[in-house]
$ cat run_28.cif   # mmCIF, C-alpha atoms
data_final
#
loop_
_atom_site.label_atom_id
_atom_site.label_comp_id
_atom_site.auth_asym_id
_atom_site.auth_seq_id
_atom_site.Cartn_x
_atom_site.Cartn_y
_atom_site.Cartn_z
CA MET O 1 -34.89 -57.28 1.74
CA HIS O 2 -33.46 -53.94 2.90
CA LYS O 3 -30.49 -54.29 5.24
CA TYR O 4 -30.97 -52.85 8.72
CA THR O 5 -28.62 -52.05 11.58
CA TYR O 6 -28.83 -54.22 14.68
CA ASN O 7 -30.56 -51.40 16.55
CA GLN O 8 -33.24 -51.16 13.86
CA VAL O 9 -33.71 -54.95 13.89
CA PHE O 10 -33.96 -54.95 17.69
CA ILE O 11 -36.63 -52.22 17.69
CA MET O 12 -38.66 -53.86 14.90
CA GLY O 13 -38.49 -57.32 16.44
CA SER O 14 -39.22 -56.13 19.96
CA LYS O 15 -42.26 -54.09 18.93
CA PHE O 16 -43.65 -56.97 16.92
CA LEU O 17 -43.13 -59.54 19.69
CA LEU O 18 -44.60 -57.24 22.36
CA SER O 19 -47.83 -56.96 20.39
CA GLU O 20 -50.74 -59.19 21.31
CA THR O 21 -53.95 -58.30 19.51
CA LEU O 22 -54.50 -58.12 15.76
CA GLU O 23 -55.03 -54.36 16.10
CA GLN O 24 -51.69 -53.90 17.88
CA ILE O 25 -49.87 -56.07 15.34
CA CYS O 26 -51.36 -54.18 12.40
CA GLU O 27 -50.41 -50.86 13.97
CA VAL O 28 -46.77 -51.99 14.26
CA VAL O 29 -46.66 -53.35 10.69
CA ASN O 30 -48.64 -50.35 9.41
CA ILE O 31 -51.46 -52.30 7.77
CA ALA O 32 -55.21 -51.80 8.18
CA VAL O 33 -56.99 -54.52 10.16
CA LYS O 34 -59.76 -54.53 7.55
CA GLN O 35 -57.23 -55.33 4.81
CA ILE O 36 -55.86 -58.30 6.77
CA LYS O 37 -59.33 -59.73 7.32
CA GLU O 38 -60.23 -59.32 3.66
CA LEU O 39 -57.01 -60.96 2.42
CA CYS O 40 -57.04 -63.86 4.85
CA PHE O 41 -60.69 -64.72 4.10
CA GLU O 42 -59.62 -66.36 0.84
CA PRO O 43 -55.92 -65.77 0.01
CA GLN O 44 -55.36 -65.66 -3.75
CA TYR O 45 -52.40 -67.47 -5.33
CA LYS O 46 -51.31 -68.37 -8.83
CA GLU O 47 -49.47 -71.63 -9.43
CA PHE O 48 -46.87 -72.31 -12.10
CA LEU O 49 -43.94 -74.59 -12.79
CA ILE O 50 -40.27 -73.71 -13.14
CA PRO O 51 -37.61 -76.19 -14.32
CA LYS O 52 -35.16 -77.40 -11.69
CA GLY O 53 -33.03 -79.77 -13.77
CA ASN O 54 -33.18 -83.53 -14.45
CA ASN O 55 -36.39 -82.96 -16.43
CA LYS O 56 -38.21 -82.11 -13.19
CA PHE O 57 -40.19 -79.04 -12.24
CA ARG O 58 -40.81 -77.12 -9.05
CA ILE O 59 -44.33 -75.88 -8.27
CA ILE O 60 -44.37 -72.23 -7.23
CA GLU O 61 -47.41 -70.86 -5.41
CA ALA O 62 -47.10 -67.11 -5.79
CA PRO O 63 -49.51 -64.81 -3.93
CA TYR O 64 -51.37 -62.17 -5.90
CA GLU O 65 -49.72 -58.75 -5.77
CA ASN O 66 -51.91 -57.25 -3.02
CA LEU O 67 -51.34 -60.27 -0.78
CA MET O 68 -47.65 -60.33 -1.71
CA GLN O 69 -47.17 -56.73 -0.58
CA VAL O 70 -48.79 -57.39 2.79
CA GLN O 71 -46.75 -60.56 3.32
CA ARG O 72 -43.58 -58.65 2.50
CA LYS O 73 -44.38 -56.11 5.22
CA PHE O 74 -44.94 -58.90 7.73
CA ASN O 75 -41.78 -60.64 6.56
CA ARG O 76 -39.65 -57.66 7.66
CA TYR O 77 -40.95 -57.92 11.21
CA LEU O 78 -40.89 -61.71 11.28
CA GLN O 79 -37.28 -61.70 10.06
CA ALA O 80 -36.29 -59.11 12.67
CA SER O 81 -38.01 -61.21 15.34
CA TYR O 82 -36.28 -64.40 14.25
CA TYR O 83 -32.91 -62.67 14.16
CA LEU O 84 -33.35 -61.96 17.88
CA LYS O 85 -34.51 -65.52 18.63
CA GLN O 86 -32.50 -67.52 16.07
CA THR O 87 -31.11 -70.91 16.96
CA LYS O 88 -27.42 -71.69 16.90
CA ALA O 89 -27.96 -74.39 14.28
CA ALA O 90 -29.94 -72.41 11.68
CA TYR O 91 -28.01 -70.90 8.75
CA GLY O 92 -30.68 -70.42 6.07
CA PHE O 93 -33.24 -67.64 5.55
CA ILE O 94 -31.61 -65.33 8.13
CA ILE O 95 -31.17 -61.64 7.39
CA SER O 96 -27.76 -59.95 7.35
CA VAL O 97 -27.40 -57.00 9.70
CA LYS O 98 -25.20 -54.09 8.61
CA ASP O 99 -23.08 -53.74 11.74
CA LYS O 100 -22.73 -57.44 12.61
CA LYS O 101 -19.90 -59.54 11.14
CA ASN O 102 -21.13 -63.02 12.11
CA LYS O 103 -23.43 -63.47 9.12
CA LYS O 104 -25.15 -66.79 8.49
CA ASN O 105 -25.45 -68.10 4.95
CA ILE O 106 -24.88 -71.20 2.82
CA LEU O 107 -21.10 -70.69 2.79
CA GLN O 108 -20.85 -70.36 6.57
CA ASN O 109 -23.09 -73.40 6.95
CA ALA O 110 -20.64 -75.53 4.92
CA THR O 111 -17.59 -73.99 6.60
CA LYS O 112 -18.78 -75.28 10.00
CA HIS O 113 -18.08 -78.82 8.73
CA LEU O 114 -14.77 -78.11 6.99
CA GLY O 115 -11.95 -80.44 8.10
CA LYS O 116 -14.24 -83.01 9.74
CA LYS O 117 -13.48 -86.69 9.06
CA TYR O 118 -17.03 -88.01 9.23
CA MET O 119 -20.33 -86.50 8.10
CA MET O 120 -24.02 -87.37 7.91
CA LYS O 121 -26.61 -85.55 5.78
CA ILE O 122 -30.38 -85.71 6.27
CA ASP O 123 -33.12 -83.88 4.35
CA LEU O 124 -36.58 -83.01 5.62
CA LYS O 125 -39.32 -84.00 3.17
CA ASP O 126 -41.59 -81.38 1.52
CA PHE O 127 -40.31 -78.88 4.05
CA PHE O 128 -42.75 -75.97 3.68
CA HIS O 129 -45.72 -78.24 3.04
CA GLN O 130 -45.07 -80.19 6.25
CA ILE O 131 -45.75 -77.00 8.20
CA ASP O 132 -49.54 -76.84 8.18
CA LYS O 133 -51.91 -74.07 9.23
CA LYS O 134 -52.43 -75.56 12.70
CA ARG O 135 -48.69 -75.57 13.33
CA VAL O 136 -48.45 -71.93 12.21
CA TYR O 137 -51.38 -71.06 14.49
CA ASP O 138 -49.75 -72.89 17.42
CA LEU O 139 -46.39 -71.18 17.00
CA LEU O 140 -48.09 -67.75 16.90
CA ARG O 141 -49.87 -68.59 20.16
CA ARG O 142 -46.68 -69.72 21.92
CA PRO O 143 -43.53 -67.79 22.90
CA PRO O 144 -41.90 -65.75 21.55
CA PHE O 145 -45.12 -64.40 19.95
CA GLU O 146 -47.97 -65.21 22.35
CA PHE O 147 -50.47 -63.49 20.07
CA SER O 148 -54.18 -63.56 20.87
CA ASN O 149 -56.40 -66.33 19.54
CA ASN O 150 -58.03 -63.95 17.05
CA ALA O 151 -54.70 -62.60 15.80
CA SER O 152 -53.24 -66.09 15.44
CA GLN O 153 -56.25 -67.35 13.52
CA ASN O 154 -56.20 -64.46 11.06
CA LEU O 155 -52.43 -64.50 10.54
CA SER O 156 -52.23 -68.28 10.14
CA ARG O 157 -54.77 -67.96 7.30
CA LEU O 158 -52.84 -65.02 5.83
CA PHE O 159 -49.57 -66.97 5.74
CA THR O 160 -50.87 -70.34 4.45
CA TYR O 161 -52.38 -71.75 1.26
CA LYS O 162 -54.16 -75.09 0.87
CA GLY O 163 -53.68 -75.57 4.60
CA ARG O 164 -49.85 -75.24 4.68
CA LEU O 165 -46.96 -72.89 4.00
CA PRO O 166 -46.82 -72.17 0.26
CA MET O 167 -43.67 -72.40 -1.83
CA GLY O 168 -43.52 -68.81 -3.08
CA ALA O 169 -44.86 -66.65 -0.24
CA PRO O 170 -42.31 -64.18 1.26
CA THR O 171 -43.24 -65.26 4.79
CA SER O 172 -42.79 -69.03 4.35
CA PRO O 173 -38.98 -69.22 4.84
CA VAL O 174 -38.86 -67.32 8.14
CA LEU O 175 -41.95 -69.12 9.48
CA SER O 176 -40.27 -72.44 8.70
CA ASN O 177 -37.32 -71.32 10.84
CA PHE O 178 -39.65 -70.46 13.72
CA ALA O 179 -41.34 -73.85 13.32
CA CYS O 180 -37.92 -75.56 13.66
CA ILE O 181 -36.76 -73.82 16.85
CA ASP O 182 -37.61 -76.75 19.16
CA LEU O 183 -36.19 -79.25 16.64
CA ASP O 184 -32.94 -77.27 16.30
CA ASN O 185 -32.52 -76.93 20.06
CA GLU O 186 -33.03 -80.64 20.75
CA LEU O 187 -30.70 -81.72 17.93
CA THR O 188 -28.09 -79.18 19.08
CA ASN O 189 -28.18 -80.64 22.60
CA TRP O 190 -27.98 -84.18 21.23
CA ALA O 191 -25.04 -83.21 19.01
CA LYS O 192 -23.20 -81.53 21.90
CA GLN O 193 -23.55 -84.65 24.06
CA ASN O 194 -22.06 -86.73 21.24
CA ARG O 195 -19.31 -84.23 20.32
CA ILE O 196 -20.92 -83.62 16.93
CA THR O 197 -21.40 -80.40 14.96
CA TYR O 198 -24.98 -79.86 13.75
CA THR O 199 -26.28 -77.21 11.36
CA ARG O 200 -29.48 -76.78 9.37
CA PHE O 201 -29.86 -74.85 6.13
CA ALA O 202 -33.62 -74.84 5.40
CA ASP O 203 -34.46 -78.55 5.02
CA ASP O 204 -30.83 -79.75 4.82
CA MET O 205 -29.45 -81.01 8.13
CA THR O 206 -25.73 -81.75 8.40
CA PHE O 207 -23.85 -83.53 11.19
CA SER O 208 -20.06 -83.90 11.36
CA THR O 209 -17.39 -85.08 13.78
CA ASN O 210 -13.78 -86.17 14.12
CA GLN O 211 -14.57 -88.75 16.82
CA LYS O 212 -15.79 -91.86 14.98
CA PRO O 213 -17.82 -92.85 11.92
CA PHE O 214 -21.57 -92.35 12.06
CA GLN O 215 -23.50 -95.52 12.83
CA ASN O 216 -27.09 -96.54 12.13
CA GLU O 217 -27.82 -96.05 15.84
CA GLN O 218 -27.06 -92.32 15.59
CA LEU O 219 -29.14 -92.00 12.43
CA GLN O 220 -32.09 -93.62 14.20
CA GLN O 221 -31.71 -91.24 17.14
CA VAL O 222 -31.89 -88.25 14.80
CA ILE O 223 -34.91 -89.75 13.02
CA GLU O 224 -36.66 -90.24 16.37
CA ILE O 225 -36.07 -86.59 17.32
CA CYS O 226 -37.40 -85.39 13.95
CA THR O 227 -40.43 -87.67 14.23
CA LYS O 228 -41.08 -86.37 17.75
CA HIS O 229 -41.33 -82.87 16.27
CA ASN O 230 -43.62 -84.08 13.45
CA TYR O 231 -41.12 -83.90 10.61
CA LYS O 232 -40.77 -86.59 7.96
CA LEU O 233 -37.43 -87.27 6.31
CA GLN O 234 -36.55 -87.70 2.66
CA THR O 235 -34.84 -91.01 3.38
CA GLU O 236 -33.48 -91.53 -0.14
CA LYS O 237 -31.32 -88.42 0.34
CA THR O 238 -29.85 -89.53 3.67
CA LYS O 239 -26.13 -90.06 3.26
CA ILE O 240 -23.24 -90.98 5.55
CA PHE O 241 -19.69 -89.96 4.56
CA ASP O 242 -16.50 -91.69 5.70
CA THR O 243 -12.98 -90.28 5.96
CA ASN O 244 -12.03 -90.60 2.29
CA ASP O 245 -15.40 -89.67 0.79
CA ASN O 246 -15.96 -86.39 -1.03
CA LYS O 247 -18.09 -84.48 1.44
CA ILE O 248 -20.83 -82.27 -0.01
CA VAL O 249 -22.99 -79.81 1.94
CA THR O 250 -25.83 -78.00 0.14
CA GLY O 251 -24.04 -78.25 -3.21
CA LEU O 252 -20.62 -77.31 -1.82
CA ILE O 253 -17.61 -79.63 -1.76
CA LEU O 254 -15.49 -79.64 1.38
CA ASN O 255 -11.87 -79.94 0.32
CA GLU O 256 -9.14 -77.79 1.85
CA THR O 257 -11.54 -74.97 1.05
CA VAL O 258 -15.26 -74.82 0.27
CA ASP O 259 -15.87 -75.24 -3.48
CA ILE O 260 -18.87 -75.55 -5.80
CA GLU O 261 -19.78 -78.98 -7.19
CA PRO O 262 -18.95 -79.41 -10.93
CA ARG O 263 -22.49 -80.63 -11.63
CA PHE O 264 -23.80 -77.28 -10.37
CA TYR O 265 -22.18 -75.63 -13.39
CA LEU O 266 -23.54 -78.33 -15.74
CA GLU O 267 -27.09 -77.72 -14.47
CA LEU O 268 -26.60 -73.95 -14.67
CA ASP O 269 -25.52 -74.29 -18.32
CA LYS O 270 -28.71 -76.27 -19.00
CA ASP O 271 -30.79 -73.65 -17.18
CA LEU O 272 -29.28 -70.89 -19.28
CA THR O 273 -30.15 -72.80 -22.45
CA ARG O 274 -33.73 -73.30 -21.20
CA LEU O 275 -33.92 -69.63 -20.29
CA ARG O 276 -32.77 -68.58 -23.76
CA TYR O 277 -35.45 -70.77 -25.39
CA LEU O 278 -38.09 -69.39 -23.03
CA VAL O 279 -37.10 -65.81 -23.86
CA GLU O 280 -37.23 -66.60 -27.58
CA THR O 281 -40.64 -68.30 -27.48
CA THR O 282 -42.07 -65.50 -25.35
CA THR O 283 -40.72 -62.96 -27.85
CA ILE O 284 -41.89 -64.83 -30.95
CA LEU O 285 -45.36 -65.63 -29.65
CA ASN O 286 -45.77 -62.42 -27.64
CA ASP O 287 -47.10 -64.71 -24.92
CA THR O 288 -47.97 -62.65 -21.84
CA ASN O 289 -48.94 -65.82 -19.96
CA ARG O 290 -45.29 -66.90 -20.05
CA SER O 291 -44.01 -63.58 -18.68
CA LEU O 292 -44.40 -64.50 -15.00
CA THR O 293 -42.75 -67.88 -15.55
CA LEU O 294 -39.90 -66.14 -17.41
CA LYS O 295 -39.46 -63.61 -14.61
CA LYS O 296 -39.34 -66.28 -11.90
CA PHE O 297 -37.02 -68.53 -13.88
CA LYS O 298 -34.65 -65.63 -14.55
CA GLN O 299 -34.61 -64.85 -10.82
CA GLU O 300 -33.71 -68.45 -10.06
CA VAL O 301 -30.86 -68.45 -12.60
CA GLN O 302 -29.66 -65.08 -11.29
CA GLY O 303 -29.70 -66.53 -7.78
CA LYS O 304 -27.46 -69.40 -8.89
CA ILE O 305 -25.02 -66.94 -10.46
CA ASN O 306 -25.02 -64.85 -7.29
CA PHE O 307 -24.26 -68.07 -5.44
CA ILE O 308 -21.10 -68.42 -7.57
CA GLY O 309 -20.17 -64.87 -6.63
CA MET O 310 -20.63 -65.59 -2.93
CA ILE O 311 -18.46 -68.71 -3.00
CA GLU O 312 -15.85 -67.87 -5.66
CA GLY O 313 -15.86 -64.07 -5.35
CA TYR O 314 -17.73 -61.38 -7.26
CA HIS O 315 -14.53 -60.45 -9.10
CA SER O 316 -13.71 -64.01 -10.17
CA SER O 317 -13.54 -64.99 -13.84
CA ILE O 318 -16.17 -67.73 -13.39
CA TYR O 319 -18.67 -65.25 -11.95
CA TYR O 320 -18.04 -62.82 -14.84
CA HIS O 321 -18.42 -65.67 -17.36
CA TYR O 322 -21.89 -66.63 -16.13
CA THR O 323 -23.01 -63.02 -15.75
CA GLN O 324 -22.26 -62.55 -19.45
CA LYS O 325 -24.05 -65.77 -20.38
CA LEU O 326 -27.16 -64.56 -18.55
CA LYS O 327 -27.10 -61.27 -20.47
CA GLU O 328 -26.82 -63.18 -23.75
CA ALA O 329 -29.72 -65.49 -22.81
CA MET O 330 -31.96 -62.54 -21.99
CA THR O 331 -31.10 -60.69 -25.22
CA PRO O 332 -32.07 -62.75 -28.31
CA GLN O 333 -30.50 -61.70 -31.59
CA ASP O 334 -33.37 -60.18 -33.59
CA GLU O 335 -31.68 -60.64 -36.96
CA THR O 336 -31.47 -64.44 -36.59
CA LEU O 337 -34.31 -65.18 -34.18
CA PHE O 338 -37.20 -65.36 -36.66
CA THR O 339 -35.16 -67.20 -39.30
CA ARG O 340 -34.11 -69.96 -36.90
CA TRP O 341 -37.57 -70.47 -35.43
CA THR O 342 -39.34 -70.60 -38.78
CA HIS O 343 -37.34 -73.75 -39.47
CA PHE O 344 -39.16 -75.31 -36.48
CA ASN O 345 -35.91 -76.49 -34.92
CA TYR O 346 -37.43 -76.49 -31.43
CA PHE O 347 -40.77 -78.15 -32.09
#

$ encode --input "run_28.cif" --output "structure tokens"
Amino acid sequence: MHKYTYNQVFIMGSKFLLSETLEQICEVVNIAVKQIKELCFEPQYKEFLIPKGNNKFRIIEAPYENLMQVQRKFNRYLQASYYLKQTKAAYGFIISVKDKKNKKNILQNATKHLGKKYMMKIDLKDFFHQIDKKRVYDLLRRPPFEFSNNASQNLSRLFTYKGRLPMGAPTSPVLSNFACIDLDNELTNWAKQNRITYTRFADDMTFSTNQKPFQNEQLQQVIEICTKHNYKLQTEKTKIFDTNDNKIVTGLILNETVDIEPRFYLELDKDLTRLRYLVETTTILNDTNRSLTLKKFKQEVQGKINFIGMIEGYHSSIYYHYTQKLKEAMTPQDETLFTRWTHFNYF
């Protein structure tokens, strides 16, 4: 997403939030009302799987190009609006503004818990899919939007698939943040009363303190608050850390500094091997059906390498190493490719 100045974000967000009818909203976003009604009548998506390690796959629900373009336009205004209304606890899916230094990202999320003796981690289950069409409709009807009934009905259909936020639509991340505003605010107040630091990065909620170890009573209080706001937890991922435990937040180890988990690199190495095989099979078979999968998988691997750059530095040797490995994976050696595959080594 293009980076804007704070003034640009303020103007975009304010105009969007001051709109009420579908016509007014479409005028701000610069989209024809007719196009919105046509797209939201039966939103078209294509589903495919991408590997995520441990022999598991993630289902991606990608909107068709015409729907994708419209959602991207809305995403700009939704992101600008959320930037103006963001909660203190949220650190994921928030745009960076050119002239503001206090950026929120995965590194800053982990840094908030650096140096704390005790920590508790809780994950929300099936995060996007928990946010159904009715919840999207309700949040568009309430502040800060207060859109008309007609506008909220049309937009809730435009932003959802199979009755919930899809994993792959540009608008799903920011809408999930809006859907968590009340949850974030209540957990922030609870944390403040208990002298605890609370942050949320997407579906990962982290609590830390120097006061005393976390007890089952505090875990139950957090579960009750989440349940009150209609969120289910992925209980098998709930973890409580004591003083001497290695504390990990969204794949980052909290030592004297914030570092990347060793297993992250092991999984990235596996992903690069999978990517190389996918490139080779697509090349050998000239399989256009694999092209979209290849593109999405490459983007995911590139995102992981960019993550290394963010944490370790874009001039670090480890970042350069994985940048080179990605180039090699995407460029099969023609002189050996056909010879190796005709020996059926990968079948």

$ residues_around --input "run_28.cif" --residues "stretch 75-91 of chain O" --least-positions-apart "6" --cutoff "6 Å" --atoms "all atoms listed in the file" --output "list of chain:residue names"
O:Val9, O:Met12, O:Gly13, O:Lys104, O:Asn105, O:Asn109, O:Thr171, O:Thr199, O:Arg200, O:Phe201

$ closest_residue --input "run_28.cif" --among "O:His315, O:Lys125, O:Lys247, O:Lys162" --to "O:Thr227" --atoms "all atoms listed in the file"
O:Lys125

$ closest_residue --input "run_28.cif" --among "O:Gln220, O:Asn66, O:Thr235, O:Ser19" --to "O:Pro143" --atoms "all atoms listed in the file"
O:Ser19

$ resolve_selection --input "run_28.cif" --expression "the PyMOL selection byres ((chain O and resi 70) around 12)" --output "VMD selection string"
chain O and resid 26 29 to 33 35 to 40 43 63 to 69 71 to 77 155 158 to 159 169 to 171

$ closest_residue --input "run_28.cif" --among "O:Ala329, O:Ile248, O:Val28, O:Leu266" --to "O:Glu280" --atoms "all atoms listed in the file"
O:Ala329

$ closest_residue --input "run_28.cif" --among "O:Gly168, O:Phe128, O:Ala110, O:Val136" --to "O:Asp259" --atoms "all atoms listed in the file"
O:Ala110

$ closest_residue --input "run_28.cif" --among "O:Leu252, O:His113, O:Arg135, O:Leu124" --to "O:Thr238" --atoms "all atoms listed in the file"
O:Leu124

$ atom_distance --input "run_28.cif" --atom1 "atom CA of O:Phe207" --atom2 "atom CA of O:Met119"
5.5 Å

$ residues_around --input "run_28.cif" --residues "O:Ile318" --least-positions-apart "6" --cutoff "12 Å" --atoms "only C-alpha atoms" --output "PyMOL selection string"
chain O and resi 260+265+305-312+324-325

$ atom_distance --input "run_28.cif" --atom1 "atom CA of O:Arg263" --atom2 "atom CA of O:Lys298"
19.5 Å

$ atom_distance --input "run_28.cif" --atom1 "atom CA of O:Ser156" --atom2 "atom CA of O:Glu42"
12.0 Å

$ closest_residue --input "run_28.cif" --among "O:Val174, O:Ile122, O:Ile131, O:Ala151" --to "O:Asp203" --atoms "only C-alpha atoms"
O:Ile122

$ build_atoms --input "run_28.cif" --residues "stretch 70-79 of chain O" --atoms "all heavy atoms" --output "CSV table (one decimal), in the coordinates of the input"
chain,number,residue,atom,x,y,z
O,70,VAL,N,-48.5,-57.3,1.4
O,70,VAL,CA,-48.8,-57.4,2.8
O,70,VAL,C,-47.9,-58.4,3.4
O,70,VAL,O,-47.3,-58.2,4.5
O,70,VAL,CB,-50.3,-57.8,3.0
O,70,VAL,CG1,-50.5,-58.2,4.5
O,70,VAL,CG2,-51.2,-56.6,2.6
O,71,GLN,N,-47.7,-59.5,2.8
O,71,GLN,CA,-46.8,-60.6,3.3
O,71,GLN,C,-45.3,-60.0,3.4
O,71,GLN,O,-44.6,-60.4,4.4
O,71,GLN,CB,-46.8,-61.8,2.5
O,71,GLN,CG,-48.1,-62.6,2.6
O,71,GLN,CD,-48.1,-63.8,1.7
O,71,GLN,OE1,-47.4,-64.0,0.8
O,71,GLN,NE2,-49.0,-64.8,2.0
O,72,ARG,N,-44.9,-59.2,2.4
O,72,ARG,CA,-43.6,-58.6,2.5
O,72,ARG,C,-43.4,-57.7,3.7
O,72,ARG,O,-42.4,-57.7,4.3
O,72,ARG,CB,-43.3,-57.9,1.2
O,72,ARG,CG,-42.9,-58.7,0.0
O,72,ARG,CD,-42.8,-57.9,-1.2
O,72,ARG,NE,-42.4,-58.8,-2.4
O,72,ARG,CZ,-42.5,-58.5,-3.6
O,72,ARG,NH1,-43.1,-57.3,-4.0
O,72,ARG,NH2,-42.1,-59.3,-4.6
O,73,LYS,N,-44.4,-57.0,4.0
O,73,LYS,CA,-44.4,-56.1,5.2
O,73,LYS,C,-44.2,-56.9,6.5
O,73,LYS,O,-43.4,-56.6,7.4
O,73,LYS,CB,-45.6,-55.2,5.3
O,73,LYS,CG,-45.7,-54.1,4.3
O,73,LYS,CD,-46.8,-53.1,4.6
O,73,LYS,CE,-46.8,-51.9,3.7
O,73,LYS,NZ,-47.9,-51.0,4.0
O,74,PHE,N,-45.0,-58.0,6.6
O,74,PHE,CA,-44.9,-58.9,7.7
O,74,PHE,C,-43.6,-59.6,7.8
O,74,PHE,O,-43.0,-59.8,8.9
O,74,PHE,CB,-46.1,-59.9,7.7
O,74,PHE,CG,-47.3,-59.5,8.4
O,74,PHE,CD1,-48.4,-59.0,7.7
O,74,PHE,CD2,-47.4,-59.5,9.8
O,74,PHE,CE1,-49.5,-58.6,8.3
O,74,PHE,CE2,-48.6,-59.1,10.4
O,74,PHE,CZ,-49.6,-58.6,9.7
O,75,ASN,N,-43.1,-59.9,6.6
O,75,ASN,CA,-41.8,-60.6,6.6
O,75,ASN,C,-40.7,-59.8,7.2
O,75,ASN,O,-39.8,-60.4,7.9
O,75,ASN,CB,-41.4,-61.0,5.1
O,75,ASN,CG,-40.1,-61.8,5.0
O,75,ASN,OD1,-40.0,-62.8,5.7
O,75,ASN,ND2,-39.2,-61.4,4.2
O,76,ARG,N,-40.7,-58.5,7.0
O,76,ARG,CA,-39.6,-57.7,7.7
O,76,ARG,C,-39.6,-57.8,9.2
O,76,ARG,O,-38.6,-58.0,9.8
O,76,ARG,CB,-39.9,-56.2,7.3
O,76,ARG,CG,-39.7,-55.9,5.8
O,76,ARG,CD,-39.8,-54.4,5.6
O,76,ARG,NE,-39.9,-54.1,4.1
O,76,ARG,CZ,-41.1,-53.7,3.6
O,76,ARG,NH1,-42.1,-53.5,4.3
O,76,ARG,NH2,-41.1,-53.5,2.3
O,77,TYR,N,-40.8,-57.8,9.8
O,77,TYR,CA,-41.0,-57.9,11.2
O,77,TYR,C,-40.7,-59.3,11.7
O,77,TYR,O,-40.1,-59.6,12.8
O,77,TYR,CB,-42.3,-57.4,11.7
O,77,TYR,CG,-42.4,-55.9,11.5
O,77,TYR,CD1,-42.8,-55.3,10.3
O,77,TYR,CD2,-42.0,-55.1,12.6
O,77,TYR,CE1,-42.8,-53.9,10.2
O,77,TYR,CE2,-42.1,-53.7,12.5
O,77,TYR,CZ,-42.5,-53.1,11.3
O,77,TYR,OH,-42.5,-51.7,11.2
O,78,LEU,N,-41.2,-60.3,10.9
O,78,LEU,CA,-40.9,-61.7,11.3
O,78,LEU,C,-39.4,-62.0,11.2
O,78,LEU,O,-38.8,-62.7,12.1
O,78,LEU,CB,-41.7,-62.6,10.3
O,78,LEU,CG,-43.2,-62.7,10.6
O,78,LEU,CD1,-43.8,-63.4,9.4
O,78,LEU,CD2,-43.5,-63.5,11.8
O,79,GLN,N,-38.7,-61.5,10.2
O,79,GLN,CA,-37.3,-61.7,10.1
O,79,GLN,C,-36.5,-61.0,11.2
O,79,GLN,O,-35.6,-61.6,11.7
O,79,GLN,CB,-36.8,-61.2,8.7
O,79,GLN,CG,-37.2,-62.0,7.5
O,79,GLN,CD,-36.3,-63.2,7.4
O,79,GLN,OE1,-35.4,-63.5,8.2
O,79,GLN,NE2,-36.4,-63.9,6.3
